[in-house]
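Working notes, beginning with the structure itself.
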Amino acid sequence: LFIGNSLIDMYAKCGYLAGAHAVFQGLSVRDVVSWTSLIVGYSDCGQFKEAVDCYDQMPCVGYSPNTVTLMCTLKACGNIEAPDKGLQVHREIVLKGFENDNHIANTLMDMYFKCGLIASAEVVFDKLPVQDLISLNILLAGHLEKCSGKEVLACFQHMQHNGFAADLASSVCAVKACTKSGDISTGKEVHAYILKSGFDQDLPVANSLIDMYGKFGLLVEAEDVFDSLPIRS
RNA sequence: UAGUUACUACAU
């Protein structure tokens with residue numbers, strides 16, 4: 001069974017969904033991991049609807065989704081902006097007493113943000129068992145959609161004051177917030193922070209900086225970042 | 001053996 005499950009995972013990670021599905025079908029014995037691996041496979045390949053369909057089928061054949069399954073399903077719900085299904089998963093999480101799992105709670109919050117249900121996301125945030133760096137990054141990314149760049153930047157600064165060191169993901173959000181609000185001076189401050197933290201060679205971070213400088217018309221700065229990259233996409 | 005957040009242009 002472990003071998004079969006690993007094969008599903010391997011094929012799915014290679015984008016060979018037909019193979020993953022064939023292995024799944026061919027298994028004489030399956031477990032929750034088999035199902036979850038398939039769900040993750042669909043999800044990672046952008047087939048979110050199929051991922052959710054898998055989740056729906058599980059109970060019909062006697063399998064009960066665990067925390068990992070539910071989290072992966074929530075992720076799919078967020079990506080297709082299916083709040084109804086997301087809410088259904090949320091209810092199952094509550095029913096099973098999984099709400100205090102931090103990974104689950106973080107993913108739940110992210111799902112609500114992605115579905116545009118900001119108020120629900122904030123309720124989840126306030127009830128988080130632990131507010132970790134990932135929770136804060138999800139909050140930053142979520143606010144980026146609906147709020148002004150200024151509010152996102154306030155968030156970014158607030159987390160640093162509370163002893164969280166912004167990581168790559170937080171930095172990207174902060175840069176995007178500056179781009180959105182046209183805030184050149186804060187953008188340069190964030191850039192300084194990125195250099196100080198040694199994040200400047202990271203592709204997503206650098207790309208967000210190039211985009212920001214490009215949109216500000218600061219083509220020289222944009223080119224400097226571009227030229228400093230050892231690898232480009 | 002499976003699991004959570006972030007990146008560009010163009011287009012929408």
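Labels for the structure tokens follow display order: chains A, B, ..., residues from 1 in each chain, ligands from 1.
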
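Every protein, DNA or RNA residue with an atom at most 6 Å from stretch 2-12 of chain B, where only C-alpha atoms (C1' of nucleotides) count and chain neighbours fewer than 5 positions away do not, is listed here: A:Val33, A:Thr36, A:Ser37, A:Val68, A:His103, A:Thr107, A:Ile134, A:Asn137, A:Ile138, A:Ala169, A:Val172, A:Pro204, A:Asn207, A:Ser208.
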
Export, as a JSON list (two decimals), in the first residue's frame, the selected residues with all heavy atoms.
```
[["chain", "number", "residue", "atom", "x", "y", "z"],
["A", 33, "VAL", "N", -4.56, 7.94, 2.79],
["A", 33, "VAL", "CA", -3.40, 8.52, 2.12],
["A", 33, "VAL", "C", -3.52, 8.37, 0.60],
["A", 33, "VAL", "O", -3.17, 9.28, -0.15],
["A", 33, "VAL", "CB", -2.08, 7.89, 2.63],
["A", 33, "VAL", "CG1", -0.87, 8.45, 1.89],
["A", 33, "VAL", "CG2", -1.93, 8.11, 4.13],
["A", 36, "THR", "N", -5.89, 11.06, -0.43],
["A", 36, "THR", "CA", -5.31, 12.39, -0.27],
["A", 36, "THR", "C", -4.23, 12.65, -1.31],
["A", 36, "THR", "O", -4.13, 13.75, -1.85],
["A", 36, "THR", "CB", -4.73, 12.55, 1.15],
["A", 36, "THR", "OG1", -5.75, 12.21, 2.09],
["A", 36, "THR", "CG2", -4.28, 13.97, 1.40],
["A", 37, "SER", "N", -3.44, 11.64, -1.61],
["A", 37, "SER", "CA", -2.39, 11.81, -2.62],
["A", 37, "SER", "C", -3.00, 12.18, -3.97],
["A", 37, "SER", "O", -2.47, 13.02, -4.70],
["A", 37, "SER", "CB", -1.58, 10.52, -2.77],
["A", 37, "SER", "OG", -1.00, 10.16, -1.55],
["A", 68, "VAL", "N", -5.20, 16.13, 6.95],
["A", 68, "VAL", "CA", -4.46, 16.43, 5.72],
["A", 68, "VAL", "C", -5.41, 16.52, 4.54],
["A", 68, "VAL", "O", -5.34, 17.44, 3.73],
["A", 68, "VAL", "CB", -3.38, 15.35, 5.47],
["A", 68, "VAL", "CG1", -2.60, 15.66, 4.20],
["A", 68, "VAL", "CG2", -2.43, 15.25, 6.65],
["A", 103, "HIS", "N", -2.35, 24.18, 11.11],
["A", 103, "HIS", "CA", -2.28, 24.08, 9.66],
["A", 103, "HIS", "C", -3.68, 24.20, 9.06],
["A", 103, "HIS", "O", -3.89, 24.89, 8.08],
["A", 103, "HIS", "CB", -1.66, 22.75, 9.24],
["A", 103, "HIS", "CG", -0.18, 22.73, 9.40],
["A", 103, "HIS", "ND1", 0.54, 21.57, 9.59],
["A", 103, "HIS", "CD2", 0.73, 23.72, 9.41],
["A", 103, "HIS", "CE1", 1.82, 21.85, 9.70],
["A", 103, "HIS", "NE2", 1.97, 23.15, 9.59],
["A", 107, "THR", "N", -5.10, 27.29, 6.69],
["A", 107, "THR", "CA", -5.63, 27.02, 5.36],
["A", 107, "THR", "C", -7.07, 27.49, 5.23],
["A", 107, "THR", "O", -7.50, 27.97, 4.18],
["A", 107, "THR", "CB", -5.55, 25.51, 5.05],
["A", 107, "THR", "OG1", -4.26, 25.04, 5.41],
["A", 107, "THR", "CG2", -5.79, 25.23, 3.59],
["A", 134, "ILE", "N", 3.21, 32.10, 9.09],
["A", 134, "ILE", "CA", 2.37, 31.76, 7.94],
["A", 134, "ILE", "C", 0.99, 32.40, 8.06],
["A", 134, "ILE", "O", 0.46, 32.92, 7.09],
["A", 134, "ILE", "CB", 2.30, 30.24, 7.76],
["A", 134, "ILE", "CG1", 3.69, 29.75, 7.33],
["A", 134, "ILE", "CG2", 1.24, 29.85, 6.74],
["A", 134, "ILE", "CD1", 3.78, 28.32, 6.92],
["A", 137, "ASN", "N", 1.41, 35.90, 7.02],
["A", 137, "ASN", "CA", 1.62, 36.01, 5.57],
["A", 137, "ASN", "C", 0.29, 35.85, 4.83],
["A", 137, "ASN", "O", 0.05, 36.53, 3.82],
["A", 137, "ASN", "CB", 2.61, 34.97, 5.09],
["A", 137, "ASN", "CG", 4.04, 35.34, 5.46],
["A", 137, "ASN", "OD1", 4.32, 36.49, 5.80],
["A", 137, "ASN", "ND2", 4.93, 34.39, 5.39],
["A", 138, "ILE", "N", -0.54, 34.94, 5.31],
["A", 138, "ILE", "CA", -1.84, 34.74, 4.68],
["A", 138, "ILE", "C", -2.68, 36.01, 4.85],
["A", 138, "ILE", "O", -3.37, 36.45, 3.93],
["A", 138, "ILE", "CB", -2.56, 33.52, 5.30],
["A", 138, "ILE", "CG1", -1.82, 32.23, 4.91],
["A", 138, "ILE", "CG2", -4.01, 33.45, 4.86],
["A", 138, "ILE", "CD1", -2.28, 31.00, 5.65],
["A", 169, "ALA", "N", 8.03, 35.25, 1.57],
["A", 169, "ALA", "CA", 6.64, 35.48, 1.19],
["A", 169, "ALA", "C", 6.14, 36.83, 1.70],
["A", 169, "ALA", "O", 5.47, 37.57, 0.97],
["A", 169, "ALA", "CB", 5.76, 34.35, 1.73],
["A", 172, "VAL", "N", 7.52, 39.64, -0.53],
["A", 172, "VAL", "CA", 6.81, 39.79, -1.80],
["A", 172, "VAL", "C", 5.51, 40.56, -1.61],
["A", 172, "VAL", "O", 5.18, 41.47, -2.37],
["A", 172, "VAL", "CB", 6.52, 38.41, -2.44],
["A", 172, "VAL", "CG1", 5.57, 38.55, -3.61],
["A", 172, "VAL", "CG2", 7.82, 37.74, -2.89],
["A", 204, "PRO", "N", 11.08, 35.06, -6.92],
["A", 204, "PRO", "CA", 9.81, 35.79, -6.70],
["A", 204, "PRO", "C", 10.02, 37.17, -6.10],
["A", 204, "PRO", "O", 9.37, 38.13, -6.51],
["A", 204, "PRO", "CB", 9.06, 34.88, -5.73],
["A", 204, "PRO", "CG", 9.59, 33.52, -6.00],
["A", 204, "PRO", "CD", 11.03, 33.72, -6.33],
["A", 207, "ASN", "N", 11.52, 39.42, -8.82],
["A", 207, "ASN", "CA", 10.51, 39.73, -9.84],
["A", 207, "ASN", "C", 9.52, 40.77, -9.35],
["A", 207, "ASN", "O", 9.11, 41.66, -10.11],
["A", 207, "ASN", "CB", 9.76, 38.45, -10.24],
["A", 207, "ASN", "CG", 10.59, 37.55, -11.14],
["A", 207, "ASN", "OD1", 11.57, 38.00, -11.73],
["A", 207, "ASN", "ND2", 10.22, 36.30, -11.24],
["A", 208, "SER", "N", 9.14, 40.68, -8.10],
["A", 208, "SER", "CA", 8.21, 41.67, -7.58],
["A", 208, "SER", "C", 8.86, 43.05, -7.53],
["A", 208, "SER", "O", 8.21, 44.06, -7.78],
["A", 208, "SER", "CB", 7.67, 41.25, -6.21],
["A", 208, "SER", "OG", 8.70, 41.25, -5.24]]
```

Pull out every residue of chain A sitting within 9 Å of chain B, counting only C-alpha atoms (C1' of nucleotides), and send them as a PyMOL selection string. chain A and resi 1-7+9+32-38+40+67-69+71-72+75+102-108+110+133-139+141+168-173+203-208+210-211+233

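Going from atom CA of A:Asp167 over to atom CA of A:Tyr193, you cover 10.4 Å.
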